[in-house]
>>> print(open('entry_5.pdb').read())   # PDB, C-alpha atoms
ATOM      1  CA  ALA A  28      -2.312 -39.599 -24.600  1.00  0.00           C
ATOM      2  CA  GLN A  29       0.483 -37.207 -23.808  1.00  0.00           C
ATOM      3  CA  THR A  30      -0.228 -34.305 -21.514  1.00  0.00           C
ATOM      4  CA  ALA A  31       1.107 -30.985 -22.704  1.00  0.00           C
ATOM      5  CA  ALA A  32       3.935 -29.538 -20.647  1.00  0.00           C
ATOM      6  CA  PRO A  33       2.993 -26.367 -18.792  1.00  0.00           C
ATOM      7  CA  ALA A  34       3.660 -23.331 -20.941  1.00  0.00           C
ATOM      8  CA  ALA A  35       6.953 -21.686 -20.097  1.00  0.00           C
ATOM      9  CA  PRO A  36       6.697 -17.991 -19.289  1.00  0.00           C
ATOM     10  CA  ALA A  37       7.311 -15.904 -22.374  1.00  0.00           C
ATOM     11  CA  PRO A  38      10.757 -14.310 -22.419  1.00  0.00           C
ATOM     12  CA  ALA A  39      10.685 -10.617 -21.564  1.00  0.00           C
ATOM     13  CA  ALA A  40      10.500  -8.456 -24.659  1.00  0.00           C
ATOM     14  CA  GLU A  41      13.454  -6.235 -25.456  1.00  0.00           C
ATOM     15  CA  GLY A  42      13.620  -3.277 -23.085  1.00  0.00           C
ATOM     16  CA  VAL A  43      10.713  -4.419 -20.903  1.00  0.00           C
ATOM     17  CA  VAL A  44      11.277  -3.997 -17.177  1.00  0.00           C
ATOM     18  CA  HIS A  45       9.204  -4.902 -14.134  1.00  0.00           C
ATOM     19  CA  LEU A  46       7.987  -2.771 -11.260  1.00  0.00           C
ATOM     20  CA  VAL A  47       6.860  -4.698  -8.175  1.00  0.00           C
ATOM     21  CA  PHE A  48       4.621  -2.832  -5.748  1.00  0.00           C
ATOM     22  CA  ARG A  49       3.778  -4.061  -2.235  1.00  0.00           C
ATOM     23  CA  PHE A  50       0.947  -2.398  -0.350  1.00  0.00           C
ATOM     24  CA  GLU A  51       0.927  -2.073   3.441  1.00  0.00           C
ATOM     25  CA  GLY A  52      -2.232   0.027   3.175  1.00  0.00           C
ATOM     26  CA  ASP A  53      -4.836   0.758   0.507  1.00  0.00           C
ATOM     27  CA  SER A  54      -3.296   2.724  -2.359  1.00  0.00           C
ATOM     28  CA  TRP A  55      -4.154   4.000  -5.822  1.00  0.00           C
ATOM     29  CA  VAL A  56      -1.442   3.643  -8.478  1.00  0.00           C
ATOM     30  CA  GLU A  57      -1.143   4.857 -12.059  1.00  0.00           C
ATOM     31  CA  VAL A  58       1.804   3.864 -14.269  1.00  0.00           C
ATOM     32  CA  ARG A  59       2.404   5.259 -17.760  1.00  0.00           C
ATOM     33  CA  ASP A  60       5.039   3.851 -20.095  1.00  0.00           C
ATOM     34  CA  ALA A  61       7.495   5.533 -22.465  1.00  0.00           C
ATOM     35  CA  GLY A  62       4.714   6.193 -24.977  1.00  0.00           C
ATOM     36  CA  GLY A  63       2.447   7.781 -22.372  1.00  0.00           C
ATOM     37  CA  ALA A  64       0.013   4.845 -22.395  1.00  0.00           C
ATOM     38  CA  ILE A  65      -1.418   3.757 -19.042  1.00  0.00           C
ATOM     39  CA  VAL A  66       0.002   0.280 -18.368  1.00  0.00           C
ATOM     40  CA  TYR A  67      -1.677   0.025 -14.975  1.00  0.00           C
ATOM     41  CA  SER A  68      -4.194   2.095 -13.049  1.00  0.00           C
ATOM     42  CA  GLY A  69      -6.098   0.853 -10.049  1.00  0.00           C
ATOM     43  CA  ILE A  70      -6.761   0.622  -6.343  1.00  0.00           C
ATOM     44  CA  ASN A  71      -4.781  -1.949  -4.396  1.00  0.00           C
ATOM     45  CA  GLY A  72      -5.748  -3.353  -1.024  1.00  0.00           C
ATOM     46  CA  ALA A  73      -3.575  -3.545   2.065  1.00  0.00           C
ATOM     47  CA  GLY A  74      -1.406  -6.670   2.037  1.00  0.00           C
ATOM     48  CA  SER A  75      -1.540  -7.081  -1.743  1.00  0.00           C
ATOM     49  CA  SER A  76       1.192  -6.792  -4.353  1.00  0.00           C
ATOM     50  CA  ARG A  77       1.168  -5.940  -8.047  1.00  0.00           C
ATOM     51  CA  THR A  78       3.747  -6.469 -10.783  1.00  0.00           C
ATOM     52  CA  VAL A  79       3.623  -4.055 -13.711  1.00  0.00           C
ATOM     53  CA  GLN A  80       5.761  -4.347 -16.834  1.00  0.00           C
ATOM     54  CA  GLY A  81       6.479  -2.053 -19.708  1.00  0.00           C
ATOM     55  CA  LYS A  82       9.145   0.079 -21.326  1.00  0.00           C
ATOM     56  CA  PRO A  83      10.711   2.947 -19.364  1.00  0.00           C
ATOM     57  CA  PRO A  84      10.728   5.774 -18.715  1.00  0.00           C
ATOM     58  CA  PHE A  85       7.656   5.351 -16.533  1.00  0.00           C
ATOM     59  CA  ALA A  86       5.595   8.208 -15.113  1.00  0.00           C
ATOM     60  CA  LEU A  87       4.081   7.144 -11.797  1.00  0.00           C
ATOM     61  CA  VAL A  88       1.490   8.517  -9.423  1.00  0.00           C
ATOM     62  CA  VAL A  89       1.227   6.619  -6.134  1.00  0.00           C
ATOM     63  CA  GLY A  90      -1.463   7.519  -3.610  1.00  0.00           C
ATOM     64  CA  ASN A  91      -0.924   6.855   0.104  1.00  0.00           C
ATOM     65  CA  ALA A  92       2.722   6.439  -0.914  1.00  0.00           C
ATOM     66  CA  LYS A  93       4.031   5.979   2.632  1.00  0.00           C
ATOM     67  CA  GLN A  94       2.180   2.641   2.661  1.00  0.00           C
ATOM     68  CA  VAL A  95       3.772   1.410  -0.604  1.00  0.00           C
ATOM     69  CA  SER A  96       7.136  -0.195  -1.312  1.00  0.00           C
ATOM     70  CA  LEU A  97       8.502  -0.534  -4.842  1.00  0.00           C
ATOM     71  CA  ASP A  98      11.164  -2.740  -6.385  1.00  0.00           C
ATOM     72  CA  TYR A  99      12.490  -1.466  -9.710  1.00  0.00           C
ATOM     73  CA  ARG A 100      14.953  -3.417 -11.835  1.00  0.00           C
ATOM     74  CA  GLY A 101      15.201  -5.889  -8.947  1.00  0.00           C
ATOM     75  CA  LYS A 102      16.193  -3.300  -6.330  1.00  0.00           C
ATOM     76  CA  PRO A 103      14.170  -1.430  -3.699  1.00  0.00           C
ATOM     77  CA  TYR A 104      13.294   2.105  -4.807  1.00  0.00           C
ATOM     78  CA  ASP A 105      12.744   4.803  -2.182  1.00  0.00           C
ATOM     79  CA  LEU A 106       9.502   6.713  -2.790  1.00  0.00           C
ATOM     80  CA  THR A 107      10.056   9.068   0.174  1.00  0.00           C
ATOM     81  CA  PRO A 108      11.814  11.929  -1.678  1.00  0.00           C
ATOM     82  CA  HIS A 109       8.870  12.142  -4.115  1.00  0.00           C
ATOM     83  CA  VAL A 110       6.037  12.245  -1.571  1.00  0.00           C
ATOM     84  CA  ARG A 111       4.058  15.479  -1.276  1.00  0.00           C
ATOM     85  CA  VAL A 112       1.418  15.198   1.459  1.00  0.00           C
ATOM     86  CA  SER A 113       0.524  11.546   0.725  1.00  0.00           C
ATOM     87  CA  VAL A 114       1.026  11.323  -3.055  1.00  0.00           C
ATOM     88  CA  ALA A 115       4.266  10.499  -4.886  1.00  0.00           C
ATOM     89  CA  ARG A 116       4.664  11.678  -8.492  1.00  0.00           C
ATOM     90  CA  PHE A 117       7.904  10.740 -10.227  1.00  0.00           C
ATOM     91  CA  THR A 118       9.554   9.283 -13.305  1.00  0.00           C
ATOM     92  CA  LEU A 119      11.623   6.092 -13.440  1.00  0.00           C
ATOM     93  CA  GLU A 120      14.207   5.923 -16.212  1.00  0.00           C
TER
END
>>> encode(input="entry_5.pdb", output="structure tokens")
Amino acid sequence: AQTAAPAAPAPAAEGVVHLVFRFEGDSWVEVRDAGGAIVYSGINGAGSSRTVQGKPPFALVVGNAKQVSLDYRGKPYDLTPHVRVSVARFTLE
């Protein structure tokens, strides 16, 4: 009997981009896509990472933002200019 080859990852849909979060400390993240739908909302533990995909523009809220790094479209994205107290609210095009 032949064993099935492992399924190849599905090709990214047109216009879908990835956001990769890395958490140095516990953080709450909410990401909304172009249509305003929540594509990810949750608490993330220190030392974890999370990849979120969807269609931009994205509206983001990142709690404890100084403990979070973000790669967007394959490049590091600086959250610092968006941080007020400890929360970053911003839009990614």
>>> atom_distance(input="entry_5.pdb", atom1="CA of Pro108 in chain A", atom2="CA of Val56 in chain A")
17.0 Å
>>> atom_distance(input="entry_5.pdb", atom1="CA of Asp53 in chain A", atom2="CA of Val114 in chain A")
12.6 Å
>>> residues_around(input="entry_5.pdb", residues="Gln80 in chain A", least_positions_apart="3", cutoff="7 Å", atoms="all atoms listed in the file", output="PyMOL selection string")
chain A and resi 43-46
>>> closest_residue(input="entry_5.pdb", among="A:Tyr67, A:Arg100, A:Trp55, A:Asp60", to="Ser113 in chain A", atoms="all atoms listed in the file")
A:Trp55
>>> resolve_selection(input="entry_5.pdb", expression="the PyMOL selection byres ((chain A and resi 49) around 7)", output="PyMOL selection string")
chain A and resi 47-48+50-51+75-77+95-97
>>> axis_aligned_box(input="entry_5.pdb", around="range 113-120 of chain A", padding_each_side="5 Å", output="lines of an AutoDock Vina configuration file")
center_x = 7.4
center_y = 8.8
center_z = -7.7
size_x = 23.7
size_y = 15.8
size_z = 26.9
>>> resolve_selection(input="entry_5.pdb", expression="the PyMOL selection byres ((chain A and resi 91) around 7)", output="VMD selection string")
chain A and resid 54 89 to 90 92 to 94 113 to 114
>>> closest_residue(input="entry_5.pdb", among="A:Val79, A:Ala115, A:Leu106, A:Leu87", to="Gly63 in chain A", atoms="only C-alpha atoms")
A:Leu87
>>> resolve_selection(input="entry_5.pdb", expression="the PyMOL selection byres ((chain A and resi 120) around 9)", output="list in words")
Pro83, Pro84, Phe85, Ala86, Thr118 and Leu119 of chain A
>>> atom_distance(input="entry_5.pdb", atom1="CA of Gly42 in chain A", atom2="CA of Tyr104 in chain A")
19.1 Å
>>> build_atoms(input="entry_5.pdb", residues="range 61-93 of chain A", atoms="N, CA and C atoms", output="mmCIF file, keeping the file's coordinate frame")
data_model
loop_
_atom_site.group_PDB
_atom_site.id
_atom_site.type_symbol
_atom_site.label_atom_id
_atom_site.label_comp_id
_atom_site.auth_asym_id
_atom_site.auth_seq_id
_atom_site.Cartn_x
_atom_site.Cartn_y
_atom_site.Cartn_z
ATOM 1 N N ALA A 61 6.733 4.578 -21.655
ATOM 2 C CA ALA A 61 7.495 5.533 -22.465
ATOM 3 C C ALA A 61 6.619 6.267 -23.473
ATOM 4 N N GLY A 62 5.586 5.574 -23.984
ATOM 5 C CA GLY A 62 4.714 6.193 -24.977
ATOM 6 C C GLY A 62 3.564 6.982 -24.375
ATOM 7 N N GLY A 63 3.508 7.044 -23.037
ATOM 8 C CA GLY A 63 2.447 7.781 -22.372
ATOM 9 C C GLY A 63 1.175 6.971 -22.166
ATOM 10 N N ALA A 64 1.195 5.697 -22.572
ATOM 11 C CA ALA A 64 0.013 4.845 -22.395
ATOM 12 C C ALA A 64 -0.045 4.361 -20.948
ATOM 13 N N ILE A 65 -1.260 4.282 -20.397
ATOM 14 C CA ILE A 65 -1.418 3.757 -19.042
ATOM 15 C C ILE A 65 -1.242 2.242 -19.097
ATOM 16 N N VAL A 66 -0.220 1.729 -18.411
ATOM 17 C CA VAL A 66 0.002 0.280 -18.368
ATOM 18 C C VAL A 66 -0.655 -0.331 -17.139
ATOM 19 N N TYR A 67 -0.910 0.494 -16.115
ATOM 20 C CA TYR A 67 -1.677 0.025 -14.975
ATOM 21 C C TYR A 67 -2.286 1.216 -14.253
ATOM 22 N N SER A 68 -3.534 1.092 -13.872
ATOM 23 C CA SER A 68 -4.194 2.095 -13.049
ATOM 24 C C SER A 68 -5.215 1.364 -12.197
ATOM 25 N N GLY A 69 -5.123 1.530 -10.885
ATOM 26 C CA GLY A 69 -6.098 0.853 -10.049
ATOM 27 C C GLY A 69 -5.853 1.046 -8.575
ATOM 28 N N ILE A 70 -6.831 0.585 -7.799
ATOM 29 C CA ILE A 70 -6.761 0.622 -6.343
ATOM 30 C C ILE A 70 -6.284 -0.742 -5.871
ATOM 31 N N ASN A 71 -5.381 -0.726 -4.906
ATOM 32 C CA ASN A 71 -4.781 -1.949 -4.396
ATOM 33 C C ASN A 71 -5.014 -2.025 -2.902
ATOM 34 N N GLY A 72 -5.438 -3.183 -2.434
ATOM 35 C CA GLY A 72 -5.748 -3.353 -1.024
ATOM 36 C C GLY A 72 -4.521 -3.592 -0.175
ATOM 37 N N ALA A 73 -4.651 -3.292 1.103
ATOM 38 C CA ALA A 73 -3.575 -3.545 2.065
ATOM 39 C C ALA A 73 -3.198 -5.022 2.022
ATOM 40 N N GLY A 74 -1.894 -5.296 2.036
ATOM 41 C CA GLY A 74 -1.406 -6.670 2.037
ATOM 42 C C GLY A 74 -1.267 -7.285 0.659
ATOM 43 N N SER A 75 -1.638 -6.540 -0.384
ATOM 44 C CA SER A 75 -1.540 -7.081 -1.743
ATOM 45 C C SER A 75 -0.231 -6.641 -2.396
ATOM 46 N N SER A 76 0.042 -7.223 -3.551
ATOM 47 C CA SER A 76 1.192 -6.792 -4.353
ATOM 48 C C SER A 76 0.763 -6.781 -5.811
ATOM 49 N N ARG A 77 1.514 -6.079 -6.626
ATOM 50 C CA ARG A 77 1.168 -5.940 -8.047
ATOM 51 C C ARG A 77 2.464 -5.811 -8.827
ATOM 52 N N THR A 78 2.597 -6.598 -9.888
ATOM 53 C CA THR A 78 3.747 -6.469 -10.783
ATOM 54 C C THR A 78 3.253 -5.826 -12.077
ATOM 55 N N VAL A 79 3.961 -4.790 -12.492
ATOM 56 C CA VAL A 79 3.623 -4.055 -13.711
ATOM 57 C C VAL A 79 4.841 -4.128 -14.610
ATOM 58 N N GLN A 80 4.624 -4.336 -15.916
ATOM 59 C CA GLN A 80 5.761 -4.347 -16.834
ATOM 60 C C GLN A 80 5.500 -3.427 -18.006
ATOM 61 N N GLY A 81 6.576 -2.937 -18.560
ATOM 62 C CA GLY A 81 6.479 -2.053 -19.708
ATOM 63 C C GLY A 81 7.861 -1.511 -20.034
ATOM 64 N N LYS A 82 7.875 -0.511 -20.903
ATOM 65 C CA LYS A 82 9.145 0.079 -21.326
ATOM 66 C C LYS A 82 9.316 1.450 -20.681
ATOM 67 N N PRO A 83 10.459 1.650 -19.988
ATOM 68 C CA PRO A 83 10.711 2.947 -19.364
ATOM 69 C C PRO A 83 11.061 3.996 -20.412
ATOM 70 N N PRO A 84 11.011 5.276 -20.068
ATOM 71 C CA PRO A 84 10.728 5.774 -18.715
ATOM 72 C C PRO A 84 9.250 5.657 -18.352
ATOM 73 N N PHE A 85 9.006 5.436 -17.062
ATOM 74 C CA PHE A 85 7.656 5.351 -16.533
ATOM 75 C C PHE A 85 7.325 6.626 -15.767
ATOM 76 N N ALA A 86 6.107 7.121 -15.943
ATOM 77 C CA ALA A 86 5.595 8.208 -15.113
ATOM 78 C C ALA A 86 4.635 7.570 -14.120
ATOM 79 N N LEU A 87 4.887 7.785 -12.829
ATOM 80 C CA LEU A 87 4.081 7.144 -11.797
ATOM 81 C C LEU A 87 3.394 8.168 -10.911
ATOM 82 N N VAL A 88 2.192 7.807 -10.485
ATOM 83 C CA VAL A 88 1.490 8.517 -9.423
ATOM 84 C C VAL A 88 1.086 7.442 -8.428
ATOM 85 N N VAL A 89 1.510 7.607 -7.169
ATOM 86 C CA VAL A 89 1.227 6.619 -6.134
ATOM 87 C C VAL A 89 0.529 7.327 -4.981
ATOM 88 N N GLY A 90 -0.723 6.958 -4.734
ATOM 89 C CA GLY A 90 -1.463 7.519 -3.610
ATOM 90 C C GLY A 90 -1.133 6.774 -2.336
ATOM 91 N N ASN A 91 -1.244 7.459 -1.195
ATOM 92 C CA ASN A 91 -0.924 6.855 0.104
ATOM 93 C C ASN A 91 0.465 6.230 0.041
ATOM 94 N N ALA A 92 1.405 6.977 -0.559
ATOM 95 C CA ALA A 92 2.722 6.439 -0.914
ATOM 96 C C ALA A 92 3.524 5.919 0.272
ATOM 97 N N LYS A 93 3.274 6.451 1.464
ATOM 98 C CA LYS A 93 4.031 5.979 2.632
ATOM 99 C C LYS A 93 3.691 4.531 2.972
#
